[in-house]
>>> print(open('work32.cif').read())   # mmCIF, N, CA and C atoms and all ligand atoms
data_data
#
loop_
_atom_site.label_atom_id
_atom_site.label_comp_id
_atom_site.auth_asym_id
_atom_site.auth_seq_id
_atom_site.Cartn_x
_atom_site.Cartn_y
_atom_site.Cartn_z
N MET A 1 -6.83 -3.74 29.14
CA MET A 1 -5.95 -3.02 28.21
C MET A 1 -6.02 -1.52 28.48
N LYS A 2 -4.89 -0.82 28.34
CA LYS A 2 -4.91 0.62 28.58
C LYS A 2 -5.77 1.33 27.54
N LYS A 3 -6.39 2.43 27.97
CA LYS A 3 -7.30 3.14 27.08
C LYS A 3 -6.49 3.97 26.07
N LEU A 4 -6.70 3.68 24.81
CA LEU A 4 -5.94 4.34 23.74
C LEU A 4 -6.79 5.43 23.09
N THR A 5 -6.12 6.36 22.43
CA THR A 5 -6.82 7.28 21.54
C THR A 5 -6.52 6.85 20.11
N ILE A 6 -7.58 6.48 19.42
CA ILE A 6 -7.44 5.88 18.09
C ILE A 6 -8.07 6.80 17.05
N ALA A 7 -7.31 7.16 16.03
CA ALA A 7 -7.84 7.99 14.94
C ALA A 7 -8.36 7.09 13.83
N LEU A 8 -9.58 7.36 13.38
CA LEU A 8 -10.17 6.61 12.27
C LEU A 8 -10.51 7.59 11.15
N VAL A 9 -9.95 7.36 9.99
CA VAL A 9 -10.15 8.26 8.85
C VAL A 9 -10.31 7.40 7.60
N ALA A 10 -11.31 7.71 6.80
CA ALA A 10 -11.50 6.94 5.56
C ALA A 10 -12.01 7.84 4.45
N HIS A 11 -11.47 7.66 3.27
CA HIS A 11 -11.98 8.38 2.10
C HIS A 11 -13.32 7.77 1.68
N ASP A 12 -14.07 8.53 0.89
CA ASP A 12 -15.45 8.13 0.58
C ASP A 12 -15.55 6.69 0.06
N ASN A 13 -14.68 6.33 -0.88
CA ASN A 13 -14.76 4.97 -1.45
C ASN A 13 -14.19 3.90 -0.53
N ARG A 14 -13.71 4.31 0.63
CA ARG A 14 -13.16 3.37 1.60
C ARG A 14 -14.00 3.34 2.89
N LYS A 15 -15.08 4.14 2.88
CA LYS A 15 -15.88 4.23 4.12
C LYS A 15 -16.64 2.94 4.40
N ALA A 16 -17.07 2.25 3.36
CA ALA A 16 -17.79 0.99 3.57
C ALA A 16 -16.88 0.02 4.33
N ASP A 17 -15.62 -0.01 3.91
CA ASP A 17 -14.64 -0.88 4.56
C ASP A 17 -14.42 -0.44 6.02
N MET A 18 -14.33 0.86 6.23
CA MET A 18 -14.10 1.38 7.58
C MET A 18 -15.28 1.04 8.51
N VAL A 19 -16.50 1.25 8.00
CA VAL A 19 -17.68 0.98 8.83
C VAL A 19 -17.74 -0.52 9.16
N GLU A 20 -17.48 -1.34 8.16
CA GLU A 20 -17.50 -2.80 8.39
C GLU A 20 -16.45 -3.19 9.43
N TRP A 21 -15.25 -2.60 9.30
CA TRP A 21 -14.17 -2.89 10.24
C TRP A 21 -14.55 -2.44 11.66
N ALA A 22 -15.13 -1.22 11.75
CA ALA A 22 -15.50 -0.67 13.06
C ALA A 22 -16.59 -1.53 13.71
N VAL A 23 -17.57 -1.96 12.91
CA VAL A 23 -18.65 -2.80 13.45
C VAL A 23 -18.07 -4.13 13.94
N HIS A 24 -17.16 -4.68 13.14
CA HIS A 24 -16.52 -5.94 13.50
C HIS A 24 -15.73 -5.82 14.81
N ASN A 25 -15.18 -4.62 15.02
CA ASN A 25 -14.35 -4.41 16.22
C ASN A 25 -15.02 -3.47 17.22
N ALA A 26 -16.35 -3.41 17.18
CA ALA A 26 -17.09 -2.46 18.00
C ALA A 26 -16.78 -2.62 19.49
N GLU A 27 -16.73 -3.83 19.93
CA GLU A 27 -16.50 -4.08 21.36
C GLU A 27 -15.14 -3.53 21.77
N PHE A 28 -14.13 -3.82 20.96
CA PHE A 28 -12.78 -3.30 21.22
C PHE A 28 -12.80 -1.77 21.23
N LEU A 29 -13.39 -1.19 20.19
CA LEU A 29 -13.37 0.27 20.05
C LEU A 29 -14.11 0.96 21.19
N SER A 30 -15.11 0.29 21.76
CA SER A 30 -15.89 0.90 22.83
C SER A 30 -15.05 1.13 24.09
N HIS A 31 -13.89 0.50 24.18
CA HIS A 31 -13.02 0.67 25.35
C HIS A 31 -12.00 1.79 25.17
N HIS A 32 -12.04 2.46 24.01
CA HIS A 32 -11.01 3.45 23.69
C HIS A 32 -11.65 4.77 23.25
N TYR A 33 -10.83 5.83 23.24
CA TYR A 33 -11.29 7.12 22.70
C TYR A 33 -11.09 7.07 21.18
N ILE A 34 -12.10 7.52 20.46
CA ILE A 34 -12.01 7.52 19.00
C ILE A 34 -12.05 8.97 18.50
N VAL A 35 -11.14 9.27 17.60
CA VAL A 35 -11.12 10.60 16.95
C VAL A 35 -11.21 10.36 15.45
N CYS A 36 -12.13 11.09 14.82
CA CYS A 36 -12.36 10.85 13.38
C CYS A 36 -12.41 12.16 12.61
N THR A 37 -12.20 12.06 11.31
CA THR A 37 -12.59 13.17 10.45
C THR A 37 -14.12 13.16 10.38
N GLY A 38 -14.70 14.31 9.98
CA GLY A 38 -16.14 14.53 10.14
C GLY A 38 -17.07 13.44 9.62
N THR A 39 -16.98 13.16 8.34
CA THR A 39 -17.95 12.24 7.76
C THR A 39 -17.70 10.81 8.23
N THR A 40 -16.44 10.44 8.32
CA THR A 40 -16.10 9.10 8.82
C THR A 40 -16.68 8.91 10.22
N GLY A 41 -16.51 9.93 11.06
CA GLY A 41 -16.97 9.83 12.45
C GLY A 41 -18.47 9.66 12.55
N GLY A 42 -19.19 10.43 11.71
CA GLY A 42 -20.65 10.31 11.73
C GLY A 42 -21.10 8.90 11.37
N LEU A 43 -20.46 8.34 10.36
CA LEU A 43 -20.86 6.99 9.93
C LEU A 43 -20.48 5.92 10.95
N VAL A 44 -19.29 6.07 11.54
CA VAL A 44 -18.86 5.08 12.53
C VAL A 44 -19.76 5.16 13.77
N ARG A 45 -20.08 6.39 14.18
CA ARG A 45 -20.96 6.58 15.35
C ARG A 45 -22.32 5.93 15.11
N GLN A 46 -22.87 6.19 13.94
CA GLN A 46 -24.19 5.63 13.59
C GLN A 46 -24.15 4.10 13.59
N ALA A 47 -23.08 3.55 13.02
CA ALA A 47 -22.96 2.09 12.95
C ALA A 47 -22.84 1.48 14.34
N MET A 48 -22.10 2.17 15.21
CA MET A 48 -21.93 1.66 16.59
C MET A 48 -23.27 1.74 17.33
N GLU A 49 -23.98 2.85 17.11
CA GLU A 49 -25.29 3.00 17.76
C GLU A 49 -26.23 1.88 17.31
N GLU A 50 -26.24 1.64 16.00
CA GLU A 50 -27.12 0.60 15.47
C GLU A 50 -26.79 -0.77 16.05
N LYS A 51 -25.50 -0.95 16.37
CA LYS A 51 -25.09 -2.23 16.97
C LYS A 51 -25.36 -2.24 18.47
N GLY A 52 -25.75 -1.08 19.01
CA GLY A 52 -26.03 -1.00 20.45
C GLY A 52 -24.77 -0.96 21.29
N VAL A 53 -23.67 -0.46 20.69
CA VAL A 53 -22.40 -0.39 21.41
C VAL A 53 -22.09 1.08 21.71
N GLN A 54 -21.76 1.34 22.98
CA GLN A 54 -21.39 2.70 23.41
C GLN A 54 -20.05 3.08 22.77
N SER A 55 -19.92 4.34 22.36
CA SER A 55 -18.62 4.75 21.84
C SER A 55 -18.37 6.21 22.18
N GLU A 56 -17.10 6.53 22.36
CA GLU A 56 -16.70 7.92 22.63
C GLU A 56 -16.00 8.43 21.39
N ILE A 57 -16.76 9.08 20.51
CA ILE A 57 -16.21 9.51 19.23
C ILE A 57 -16.19 11.03 19.16
N THR A 58 -15.02 11.58 18.89
CA THR A 58 -14.90 13.02 18.64
C THR A 58 -14.70 13.22 17.15
N CYS A 59 -15.53 14.10 16.57
CA CYS A 59 -15.41 14.37 15.14
C CYS A 59 -14.69 15.70 14.90
N MET A 60 -13.71 15.64 14.05
CA MET A 60 -13.02 16.85 13.60
C MET A 60 -13.75 17.38 12.35
N HIS A 61 -13.17 18.35 11.68
CA HIS A 61 -13.72 18.78 10.41
C HIS A 61 -13.66 17.63 9.40
N SER A 62 -14.42 17.77 8.34
CA SER A 62 -14.29 16.80 7.25
C SER A 62 -12.88 16.91 6.67
N GLY A 63 -12.40 15.80 6.11
CA GLY A 63 -11.02 15.75 5.61
C GLY A 63 -10.65 16.91 4.70
N PRO A 64 -11.41 17.11 3.62
CA PRO A 64 -11.03 18.18 2.69
C PRO A 64 -11.08 19.57 3.32
N LEU A 65 -11.77 19.71 4.45
CA LEU A 65 -11.86 21.02 5.12
C LEU A 65 -10.90 21.15 6.30
N GLY A 66 -9.97 20.21 6.41
CA GLY A 66 -8.94 20.36 7.44
C GLY A 66 -8.91 19.27 8.50
N GLY A 67 -9.79 18.28 8.39
CA GLY A 67 -9.83 17.21 9.40
C GLY A 67 -8.54 16.42 9.50
N ASP A 68 -7.94 16.13 8.35
CA ASP A 68 -6.66 15.40 8.39
C ASP A 68 -5.60 16.26 9.10
N ALA A 69 -5.65 17.56 8.79
CA ALA A 69 -4.67 18.48 9.38
C ALA A 69 -4.84 18.55 10.91
N GLU A 70 -6.12 18.54 11.35
CA GLU A 70 -6.36 18.58 12.80
C GLU A 70 -5.85 17.31 13.48
N ILE A 71 -6.06 16.18 12.83
CA ILE A 71 -5.58 14.92 13.42
C ILE A 71 -4.05 14.87 13.36
N ALA A 72 -3.47 15.41 12.28
CA ALA A 72 -2.00 15.48 12.20
C ALA A 72 -1.45 16.30 13.36
N ALA A 73 -2.14 17.40 13.70
CA ALA A 73 -1.69 18.23 14.82
C ALA A 73 -1.74 17.45 16.14
N MET A 74 -2.78 16.62 16.28
CA MET A 74 -2.87 15.78 17.49
C MET A 74 -1.71 14.77 17.52
N VAL A 75 -1.36 14.25 16.36
CA VAL A 75 -0.22 13.32 16.27
C VAL A 75 1.05 14.03 16.75
N VAL A 76 1.24 15.26 16.29
CA VAL A 76 2.43 16.04 16.67
C VAL A 76 2.46 16.25 18.19
N ARG A 77 1.28 16.44 18.78
CA ARG A 77 1.20 16.66 20.23
C ARG A 77 1.18 15.35 21.02
N LYS A 78 1.39 14.24 20.33
CA LYS A 78 1.41 12.90 20.96
C LYS A 78 0.07 12.56 21.60
N GLU A 79 -1.02 13.00 20.99
CA GLU A 79 -2.35 12.72 21.53
C GLU A 79 -3.01 11.52 20.86
N ILE A 80 -2.35 10.96 19.86
CA ILE A 80 -2.90 9.81 19.14
C ILE A 80 -1.98 8.60 19.35
N ASP A 81 -2.57 7.47 19.74
CA ASP A 81 -1.76 6.26 19.94
C ASP A 81 -1.69 5.42 18.68
N LEU A 82 -2.73 5.50 17.88
CA LEU A 82 -2.83 4.60 16.72
C LEU A 82 -3.78 5.23 15.71
N ALA A 83 -3.44 5.13 14.44
CA ALA A 83 -4.33 5.67 13.40
C ALA A 83 -4.67 4.58 12.40
N VAL A 84 -5.93 4.58 11.99
CA VAL A 84 -6.35 3.72 10.88
C VAL A 84 -6.81 4.68 9.78
N PHE A 85 -6.12 4.64 8.66
CA PHE A 85 -6.36 5.61 7.59
C PHE A 85 -6.58 4.83 6.30
N LEU A 86 -7.85 4.68 5.93
CA LEU A 86 -8.17 3.94 4.71
C LEU A 86 -8.24 4.95 3.55
N ILE A 87 -7.20 4.92 2.76
CA ILE A 87 -7.01 5.89 1.68
C ILE A 87 -7.57 5.33 0.37
N ASP A 88 -8.23 6.20 -0.39
CA ASP A 88 -8.66 5.80 -1.74
C ASP A 88 -7.47 5.97 -2.68
N ASP A 89 -6.82 4.85 -2.95
CA ASP A 89 -5.61 4.91 -3.79
C ASP A 89 -5.95 4.93 -5.28
N LEU A 90 -7.23 4.86 -5.60
CA LEU A 90 -7.60 4.76 -7.01
C LEU A 90 -8.18 6.05 -7.57
N ASN A 91 -8.34 7.05 -6.70
CA ASN A 91 -8.89 8.33 -7.15
C ASN A 91 -8.14 9.49 -6.51
N PRO A 92 -7.95 10.57 -7.30
CA PRO A 92 -7.27 11.74 -6.74
C PRO A 92 -8.13 12.45 -5.70
N GLN A 93 -7.49 13.07 -4.72
CA GLN A 93 -8.20 13.79 -3.65
C GLN A 93 -7.80 15.26 -3.68
N PRO A 94 -8.74 16.17 -3.42
CA PRO A 94 -8.39 17.60 -3.47
C PRO A 94 -7.41 18.00 -2.38
N HIS A 95 -7.37 17.23 -1.30
CA HIS A 95 -6.53 17.61 -0.16
C HIS A 95 -5.35 16.64 -0.01
N GLU A 96 -4.76 16.29 -1.12
CA GLU A 96 -3.63 15.36 -1.12
C GLU A 96 -2.51 15.84 -0.19
N ALA A 97 -2.30 17.16 -0.16
CA ALA A 97 -1.23 17.70 0.69
C ALA A 97 -1.49 17.37 2.16
N ASP A 98 -2.76 17.47 2.58
CA ASP A 98 -3.10 17.17 3.98
C ASP A 98 -2.96 15.68 4.29
N ILE A 99 -3.34 14.87 3.30
CA ILE A 99 -3.21 13.41 3.47
C ILE A 99 -1.76 13.05 3.70
N GLN A 100 -0.91 13.62 2.84
CA GLN A 100 0.54 13.34 2.97
C GLN A 100 1.07 13.87 4.30
N MET A 101 0.52 14.98 4.76
CA MET A 101 0.96 15.55 6.04
C MET A 101 0.63 14.60 7.19
N LEU A 102 -0.60 14.06 7.17
CA LEU A 102 -0.98 13.14 8.25
C LEU A 102 -0.08 11.89 8.23
N LEU A 103 0.14 11.35 7.04
CA LEU A 103 1.01 10.17 6.94
C LEU A 103 2.42 10.51 7.42
N ARG A 104 2.92 11.66 6.98
CA ARG A 104 4.29 12.05 7.31
C ARG A 104 4.46 12.27 8.82
N GLN A 105 3.49 12.95 9.43
CA GLN A 105 3.62 13.22 10.87
C GLN A 105 3.53 11.93 11.68
N CYS A 106 2.76 10.96 11.20
CA CYS A 106 2.74 9.66 11.89
C CYS A 106 4.11 9.00 11.80
N ARG A 107 4.75 9.10 10.63
CA ARG A 107 6.10 8.51 10.51
C ARG A 107 7.08 9.26 11.39
N VAL A 108 7.05 10.59 11.33
CA VAL A 108 8.02 11.40 12.08
C VAL A 108 7.87 11.17 13.58
N HIS A 109 6.62 11.07 14.05
CA HIS A 109 6.37 10.96 15.49
C HIS A 109 6.16 9.51 15.93
N ASN A 110 6.47 8.57 15.02
CA ASN A 110 6.48 7.15 15.39
C ASN A 110 5.11 6.67 15.87
N VAL A 111 4.07 7.15 15.22
CA VAL A 111 2.72 6.72 15.57
C VAL A 111 2.30 5.61 14.60
N PRO A 112 1.90 4.46 15.13
CA PRO A 112 1.48 3.37 14.25
C PRO A 112 0.30 3.81 13.39
N ILE A 113 0.39 3.57 12.09
CA ILE A 113 -0.71 3.94 11.20
C ILE A 113 -0.99 2.79 10.25
N ALA A 114 -2.23 2.31 10.28
CA ALA A 114 -2.64 1.19 9.44
C ALA A 114 -3.38 1.75 8.24
N CYS A 115 -2.96 1.38 7.04
CA CYS A 115 -3.64 1.88 5.84
C CYS A 115 -4.47 0.79 5.17
N ASN A 116 -4.60 -0.34 5.81
CA ASN A 116 -5.57 -1.35 5.35
C ASN A 116 -6.06 -2.12 6.57
N ARG A 117 -7.14 -2.87 6.38
CA ARG A 117 -7.77 -3.54 7.52
C ARG A 117 -6.88 -4.60 8.15
N TYR A 118 -6.10 -5.26 7.31
CA TYR A 118 -5.23 -6.32 7.84
C TYR A 118 -4.24 -5.71 8.84
N SER A 119 -3.62 -4.60 8.42
CA SER A 119 -2.67 -3.92 9.33
C SER A 119 -3.39 -3.46 10.59
N ALA A 120 -4.60 -2.93 10.42
CA ALA A 120 -5.36 -2.45 11.58
C ALA A 120 -5.65 -3.60 12.54
N ASP A 121 -6.03 -4.75 12.00
CA ASP A 121 -6.31 -5.91 12.85
C ASP A 121 -5.06 -6.35 13.61
N LEU A 122 -3.93 -6.35 12.91
CA LEU A 122 -2.68 -6.74 13.58
C LEU A 122 -2.35 -5.75 14.69
N MET A 123 -2.55 -4.46 14.42
CA MET A 123 -2.20 -3.45 15.43
C MET A 123 -3.10 -3.51 16.66
N ILE A 124 -4.39 -3.68 16.44
CA ILE A 124 -5.27 -3.65 17.63
C ILE A 124 -5.18 -4.94 18.44
N THR A 125 -4.59 -5.98 17.87
CA THR A 125 -4.44 -7.22 18.64
C THR A 125 -3.04 -7.38 19.22
N SER A 126 -2.22 -6.34 19.04
CA SER A 126 -0.84 -6.43 19.56
C SER A 126 -0.84 -6.45 21.08
N THR A 127 0.05 -7.28 21.63
CA THR A 127 0.19 -7.33 23.09
C THR A 127 1.14 -6.23 23.59
N LEU A 128 1.79 -5.55 22.66
CA LEU A 128 2.78 -4.53 23.06
C LEU A 128 2.15 -3.34 23.76
N TRP A 129 0.86 -3.08 23.49
CA TRP A 129 0.21 -1.93 24.13
C TRP A 129 0.31 -2.00 25.66
N ASP A 130 0.26 -3.19 26.17
CA ASP A 130 0.26 -3.33 27.63
C ASP A 130 1.57 -3.89 28.17
N ASP A 131 2.59 -3.91 27.31
CA ASP A 131 3.89 -4.41 27.75
C ASP A 131 4.74 -3.21 28.16
N ASP A 132 4.80 -2.99 29.48
CA ASP A 132 5.53 -1.81 29.96
C ASP A 132 7.02 -1.89 29.71
N SER A 133 7.51 -3.10 29.44
CA SER A 133 8.95 -3.23 29.18
C SER A 133 9.28 -2.86 27.73
N TYR A 134 8.25 -2.71 26.91
CA TYR A 134 8.49 -2.37 25.50
C TYR A 134 8.49 -0.85 25.33
N VAL A 135 9.62 -0.33 24.89
CA VAL A 135 9.71 1.12 24.63
C VAL A 135 10.02 1.28 23.14
N PRO A 136 9.09 1.86 22.37
CA PRO A 136 9.36 2.00 20.94
C PRO A 136 10.58 2.87 20.69
N THR A 137 11.43 2.45 19.78
CA THR A 137 12.62 3.26 19.47
C THR A 137 12.19 4.41 18.56
N GLU A 138 12.72 5.57 18.81
CA GLU A 138 12.42 6.73 17.96
C GLU A 138 13.08 6.54 16.61
N PRO A 139 12.43 6.99 15.52
CA PRO A 139 13.07 6.88 14.20
C PRO A 139 14.38 7.67 14.17
N LYS A 140 15.39 7.06 13.53
CA LYS A 140 16.68 7.76 13.40
C LYS A 140 16.73 8.42 12.04
N TYR A 141 17.06 9.69 12.03
CA TYR A 141 17.26 10.40 10.77
C TYR A 141 18.74 10.75 10.66
N VAL A 142 19.55 9.72 10.49
CA VAL A 142 21.00 9.93 10.41
C VAL A 142 21.55 9.13 9.24
N TYR A 143 22.60 9.60 8.67
CA TYR A 143 23.25 8.89 7.58
C TYR A 143 23.93 7.65 8.13
N PHE A 144 23.68 6.50 7.49
CA PHE A 144 24.29 5.25 7.98
C PHE A 144 25.69 5.12 7.40
N LYS A 145 26.67 5.18 8.32
CA LYS A 145 28.07 5.08 7.88
C LYS A 145 28.58 3.69 8.16
N ARG A 146 29.04 3.00 7.14
CA ARG A 146 29.59 1.65 7.35
C ARG A 146 30.95 1.76 7.98
N GLU A 147 31.21 0.83 8.93
CA GLU A 147 32.54 0.84 9.61
C GLU A 147 33.61 0.46 8.60
O1 LIG A 201 -10.94 13.04 3.47
C1 LIG A 201 -10.75 12.33 4.42
C2 LIG A 201 -9.41 11.92 4.80
O2 LIG A 201 -8.38 12.42 3.98
C3 LIG A 201 -11.89 11.86 5.24
O3 LIG A 201 -12.74 12.91 5.59
P1 LIG A 201 -14.25 12.61 5.95
O4 LIG A 201 -14.24 11.57 7.00
O5 LIG A 201 -14.80 13.89 6.44
O6 LIG A 201 -14.90 12.14 4.68
#
>>> encode(input="work32.cif", output="structure tokens")
Amino acid sequence: MKKLTIALVAHDNRKADMVEWAVHNAEFLSHHYIVCTGTTGGLVRQAMEEKGVQSEITCMHSGPLGGDAEIAAMVVRKEIDLAVFLIDDLNPQPHEADIQMLLRQCRVHNVPIACNRYSADLMITSTLWDDDSYVPTEPKYVYFKRE
């Protein structure tokens, strides 16, 4: 499989889920570049180490200090192939604007973003990553006029 750059980001109450998911998929993740927000990255790195799996993890700032914004900038520069973003939907976040920015830039730049583990599992098992005949269509921002 081609080597992807995968962003992993999780809010505090979703980090247990992220670590469990990363450990479950450690072998897969070890074949790709991983980019994380600060605290998420530290926990994922530690979990991978404990499992004895090599990983290439780059940590950005912590989310509330600009980590989401840094990853959003990478999305804009087409440096991210896939994002897994486990959002705490049950509690307010101080950096809601940055969270929305990361989500929005993934939509604008057509970057697959999984906001739950099921979506993440479906995305990482897709055969489309290595299908050179598959070209993702760019999102259309045009008014749909009926004939
Ligand atoms: O707040 C976050 C994403 O919005 C996550 O940041 P941390 O991984 O630094 O906790």
>>> residues_near_ligand(input="work32.cif", ligand="ligand LIG 201 (chain A)", cutoff="7 Å", atoms="all atoms listed in the file", output="PyMOL selection string")
chain A and resi 8-12+36-42+60-65+67-68+95+98-99
>>> residues_around(input="work32.cif", residues="Leu102 of chain A", least_positions_apart="6", cutoff="6.5 Å", atoms="all atoms listed in the file", output="PDB file with N, CA and C atoms, in the coordinates of the input")
ATOM      1  N   ASP A  68      -7.940  16.130   8.350  1.00  0.00           N
ATOM      2  CA  ASP A  68      -6.660  15.400   8.390  1.00  0.00           C
ATOM      3  C   ASP A  68      -5.600  16.260   9.100  1.00  0.00           C
ATOM      4  N   ALA A  69      -5.650  17.560   8.790  1.00  0.00           N
ATOM      5  CA  ALA A  69      -4.670  18.480   9.380  1.00  0.00           C
ATOM      6  C   ALA A  69      -4.840  18.550  10.910  1.00  0.00           C
ATOM      7  N   ILE A  71      -6.060  16.180  12.830  1.00  0.00           N
ATOM      8  CA  ILE A  71      -5.580  14.920  13.420  1.00  0.00           C
ATOM      9  C   ILE A  71      -4.050  14.870  13.360  1.00  0.00           C
ATOM     10  N   ALA A  72      -3.470  15.410  12.280  1.00  0.00           N
ATOM     11  CA  ALA A  72      -2.000  15.480  12.200  1.00  0.00           C
ATOM     12  C   ALA A  72      -1.450  16.300  13.360  1.00  0.00           C
TER      13      ALA A  72
END
>>> residues_around(input="work32.cif", residues="segment 103-108 of chain A", least_positions_apart="3", cutoff="7 Å", atoms="only N, CA and C atoms", output="MDAnalysis selection string")
chainID A and resid 72 75:76 98:100 111:113 139
>>> select_by_dssp(input="work32.cif", residues="segment 1-146 of chain A", states="strand (DSSP E or B)", output="list in words")
Thr5, Ile6, Ala7, Leu8, Val9, Ala10, Tyr33, Ile34, Val35, Cys36, Glu56, Ile57, Thr58, Cys59, Leu82, Ala83, Val84, Phe85, Leu86, Ile113 and Ala114 of chain A
>>> write_last_selection(input="work32.cif", atoms="N, CA and C atoms", output="compact mmCIF listing (two decimals), keeping the file's coordinate frame")
# COMPACT_ATOMS: atom_id res chain seq x y z
N THR A 5 -6.12 6.36 22.43
CA THR A 5 -6.82 7.28 21.54
C THR A 5 -6.52 6.85 20.11
N ILE A 6 -7.58 6.48 19.42
CA ILE A 6 -7.44 5.88 18.09
C ILE A 6 -8.07 6.80 17.05
N ALA A 7 -7.31 7.16 16.03
CA ALA A 7 -7.84 7.99 14.94
C ALA A 7 -8.36 7.09 13.83
N LEU A 8 -9.58 7.36 13.38
CA LEU A 8 -10.17 6.61 12.27
C LEU A 8 -10.51 7.59 11.15
N VAL A 9 -9.95 7.36 9.99
CA VAL A 9 -10.15 8.26 8.85
C VAL A 9 -10.31 7.40 7.60
N ALA A 10 -11.31 7.71 6.80
CA ALA A 10 -11.50 6.94 5.56
C ALA A 10 -12.01 7.84 4.45
N TYR A 33 -10.83 5.83 23.24
CA TYR A 33 -11.29 7.12 22.70
C TYR A 33 -11.09 7.07 21.18
N ILE A 34 -12.10 7.52 20.46
CA ILE A 34 -12.01 7.52 19.00
C ILE A 34 -12.05 8.97 18.50
N VAL A 35 -11.14 9.27 17.60
CA VAL A 35 -11.12 10.60 16.95
C VAL A 35 -11.21 10.36 15.45
N CYS A 36 -12.13 11.09 14.82
CA CYS A 36 -12.36 10.85 13.38
C CYS A 36 -12.41 12.16 12.61
N GLU A 56 -17.10 6.53 22.36
CA GLU A 56 -16.70 7.92 22.63
C GLU A 56 -16.00 8.43 21.39
N ILE A 57 -16.76 9.08 20.51
CA ILE A 57 -16.21 9.51 19.23
C ILE A 57 -16.19 11.03 19.16
N THR A 58 -15.02 11.58 18.89
CA THR A 58 -14.90 13.02 18.64
C THR A 58 -14.70 13.22 17.15
N CYS A 59 -15.53 14.10 16.57
CA CYS A 59 -15.41 14.37 15.14
C CYS A 59 -14.69 15.70 14.90
N LEU A 82 -2.73 5.50 17.88
CA LEU A 82 -2.83 4.60 16.72
C LEU A 82 -3.78 5.23 15.71
N ALA A 83 -3.44 5.13 14.44
CA ALA A 83 -4.33 5.67 13.40
C ALA A 83 -4.67 4.58 12.40
N VAL A 84 -5.93 4.58 11.99
CA VAL A 84 -6.35 3.72 10.88
C VAL A 84 -6.81 4.68 9.78
N PHE A 85 -6.12 4.64 8.66
CA PHE A 85 -6.36 5.61 7.59
C PHE A 85 -6.58 4.83 6.30
N LEU A 86 -7.85 4.68 5.93
CA LEU A 86 -8.17 3.94 4.71
C LEU A 86 -8.24 4.95 3.55
N ILE A 113 0.39 3.57 12.09
CA ILE A 113 -0.71 3.94 11.20
C ILE A 113 -0.99 2.79 10.25
N ALA A 114 -2.23 2.31 10.28
CA ALA A 114 -2.64 1.19 9.44
C ALA A 114 -3.38 1.75 8.24
>>> atom_distance(input="work32.cif", atom1="atom C of Glu79 of chain A", atom2="atom C of Val35 of chain A")
9.9 Å
>>> atom_distance(input="work32.cif", atom1="atom CA of Ser126 of chain A", atom2="atom N of Val84 of chain A")
14.3 Å
>>> closest_residue(input="work32.cif", among="A:Glu70, A:Asp88, A:Glu147, A:Glu27", to="Glu49 of chain A", atoms="only C-alpha atoms")
A:Glu27
>>> atom_distance(input="work32.cif", atom1="atom CA of Tyr33 of chain A", atom2="atom CA of Ile80 of chain A")
9.5 Å
>>> axis_aligned_box(input="work32.cif", around="segment 4-15 of chain A", padding_each_side="8 Å", output="lines of an AutoDock Vina configuration file")
center_x = -11.3
center_y = 5.7
center_z = 11.7
size_x = 26.7
size_y = 21.6
size_z = 42.3
